[in-house]
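Novice: I have a structure I would like to understand better, so I am pasting it below and will then ask my questions one at a time.
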Amino acid sequence: MVAQAEVHIYYSKVCGLCTEAIDFLHKRGITFTAYAIEYDAAKDEFVDSDYTQEMYRRCGGPVEFVPQIFIGGHHIGGWRKMEPLIQSGEIDTLLPEGG
């Protein structure tokens with residue numbers, strides 16, 4: 001178990017998979033930092049903001065979806081990348097113990 005792994009998630013309020021990821025972290029009692037990324041449906045792109053630019057920088061460039069999840073500085077990717085880690089139990093080696 002990683003003792004000091006910080007968890008960061010970039011999410012959008014209109015994203016169902018973001019809600020899944022956040023709910024999972026809440027149910028596990030994991031303390032995390034969440035960054036709201038606004039989405040402009042008319043332009044089909046994320047609204048430029050400090051958080052959007054930070055997300056792009058941390059991901060190594062622009063991304064087309066959220067959530068973007070980081071655990072202990074490691075880029076997990078989105079919920080669809082995290083789901084198999086949960087199912088296999090590998091997530092337990094990455095996440096800090098609750099709190």
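A note on labels: chains of the structure tokens are A, B, ... as shown, every chain counts residues from 1, and ligands are counted from 1 in their shown order.
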Give me, as JSON lines, the closest atom pair and its distance (Å, one decimal) for every residue of range 45-81 of chain A within a cut-off of 6 Å of range 5-28 of chain A, counting only C-alpha atoms, rows sorted by chain and rising number.
Specialist:
{"residue": "A:Val66", "atom": "CA", "partner": "A:Tyr11", "partner_atom": "CA", "distance": 5.4}
{"residue": "A:Pro67", "atom": "CA", "partner": "A:Tyr11", "partner_atom": "CA", "distance": 4.7}
{"residue": "A:Gln68", "atom": "CA", "partner": "A:Tyr10", "partner_atom": "CA", "distance": 5.1}
{"residue": "A:Ile69", "atom": "CA", "partner": "A:Ile9", "partner_atom": "CA", "distance": 4.5}
{"residue": "A:Phe70", "atom": "CA", "partner": "A:His8", "partner_atom": "CA", "distance": 5.1}
{"residue": "A:Ile71", "atom": "CA", "partner": "A:Val7", "partner_atom": "CA", "distance": 4.5}
{"residue": "A:Gly72", "atom": "CA", "partner": "A:Ala5", "partner_atom": "CA", "distance": 4.0}
Novice: Which of range 36-88 of chain A counts as strand (DSSP E) under DSSP, as a list in words please?
Specialist: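 The strand (DSSP E) subset of range 36-88 of chain A is Ala36, Tyr39, Asp40, Glu45, Phe46, Gln68, Ile69, Phe70, Ile71, His74, His75, Ile76 and Gly77 of chain A.
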Novice: Using only C-alpha atoms, find the one residue out of A:Tyr35, A:Ile86, A:Asp40, A:Lys81 that sits nearest to Gln53 in chain A.
Specialist: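 The shortest atom-to-atom distance to Gln53 in chain A comes from A:Tyr35.
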Novice: Expressed in Å to a single decimal, how great is the separation between CA of Tyr56 in chain A and CA of Thr93 in chain A?
Specialist: 25.9 Å
Novice: In Å, how far is it from CA of Leu95 in chain A to CA of Asp50 in chain A?
Specialist: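 For CA of Leu95 in chain A relative to CA of Asp50 in chain A, the distance reads 26.2 Å.
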Novice: When DSSP works through the backbone of this structure, what residues of chain A end up as helix (DSSP H, G or I), shown as a ChimeraX atom specification?
Specialist: /A:16-28,50-59,79-88,91-94
Novice: Mind writing the picked residues with C-alpha atoms as a PDB file, in the first residue's frame?
Specialist:
ATOM      1  CA  GLY A  16     -21.253  10.363 -15.918  1.00  0.00           C
ATOM      2  CA  LEU A  17     -17.941   8.480 -15.786  1.00  0.00           C
ATOM      3  CA  CYS A  18     -16.501  11.304 -13.692  1.00  0.00           C
ATOM      4  CA  THR A  19     -19.307  10.731 -11.204  1.00  0.00           C
ATOM      5  CA  GLU A  20     -18.477   6.993 -11.155  1.00  0.00           C
ATOM      6  CA  ALA A  21     -14.825   7.722 -10.353  1.00  0.00           C
ATOM      7  CA  ILE A  22     -15.625  10.288  -7.664  1.00  0.00           C
ATOM      8  CA  ASP A  23     -18.239   7.990  -6.086  1.00  0.00           C
ATOM      9  CA  PHE A  24     -15.706   5.145  -5.987  1.00  0.00           C
ATOM     10  CA  LEU A  25     -13.152   7.336  -4.193  1.00  0.00           C
ATOM     11  CA  HIS A  26     -15.784   8.567  -1.724  1.00  0.00           C
ATOM     12  CA  LYS A  27     -16.954   4.998  -0.971  1.00  0.00           C
ATOM     13  CA  ARG A  28     -13.354   3.954  -0.322  1.00  0.00           C
ATOM     14  CA  ASP A  50      -5.880  27.242 -15.557  1.00  0.00           C
ATOM     15  CA  TYR A  51      -7.185  23.782 -14.586  1.00  0.00           C
ATOM     16  CA  THR A  52      -7.631  22.756 -18.227  1.00  0.00           C
ATOM     17  CA  GLN A  53      -4.075  23.836 -19.049  1.00  0.00           C
ATOM     18  CA  GLU A  54      -2.745  22.050 -15.945  1.00  0.00           C
ATOM     19  CA  MET A  55      -4.607  18.868 -16.959  1.00  0.00           C
ATOM     20  CA  TYR A  56      -3.134  19.036 -20.471  1.00  0.00           C
ATOM     21  CA  ARG A  57       0.353  19.595 -19.077  1.00  0.00           C
ATOM     22  CA  ARG A  58       0.076  16.675 -16.660  1.00  0.00           C
ATOM     23  CA  CYS A  59      -1.360  14.399 -19.369  1.00  0.00           C
ATOM     24  CA  TRP A  79     -12.487   5.714 -15.543  1.00  0.00           C
ATOM     25  CA  ARG A  80     -12.284   3.011 -18.208  1.00  0.00           C
ATOM     26  CA  LYS A  81      -8.590   2.574 -17.358  1.00  0.00           C
ATOM     27  CA  MET A  82      -9.301   2.571 -13.627  1.00  0.00           C
ATOM     28  CA  GLU A  83     -12.125  -0.009 -13.762  1.00  0.00           C
ATOM     29  CA  PRO A  84      -9.832  -2.959 -14.632  1.00  0.00           C
ATOM     30  CA  LEU A  85      -7.454  -1.893 -11.841  1.00  0.00           C
ATOM     31  CA  ILE A  86     -10.382  -2.044  -9.425  1.00  0.00           C
ATOM     32  CA  GLN A  87     -11.574  -5.424 -10.700  1.00  0.00           C
ATOM     33  CA  SER A  88      -8.096  -6.959 -10.484  1.00  0.00           C
ATOM     34  CA  ILE A  91      -5.902  -0.371  -7.370  1.00  0.00           C
ATOM     35  CA  ASP A  92      -5.301  -1.335  -3.725  1.00  0.00           C
ATOM     36  CA  THR A  93      -1.558  -1.146  -4.301  1.00  0.00           C
ATOM     37  CA  LEU A  94      -1.886   2.375  -5.689  1.00  0.00           C
TER      38      LEU A  94
END
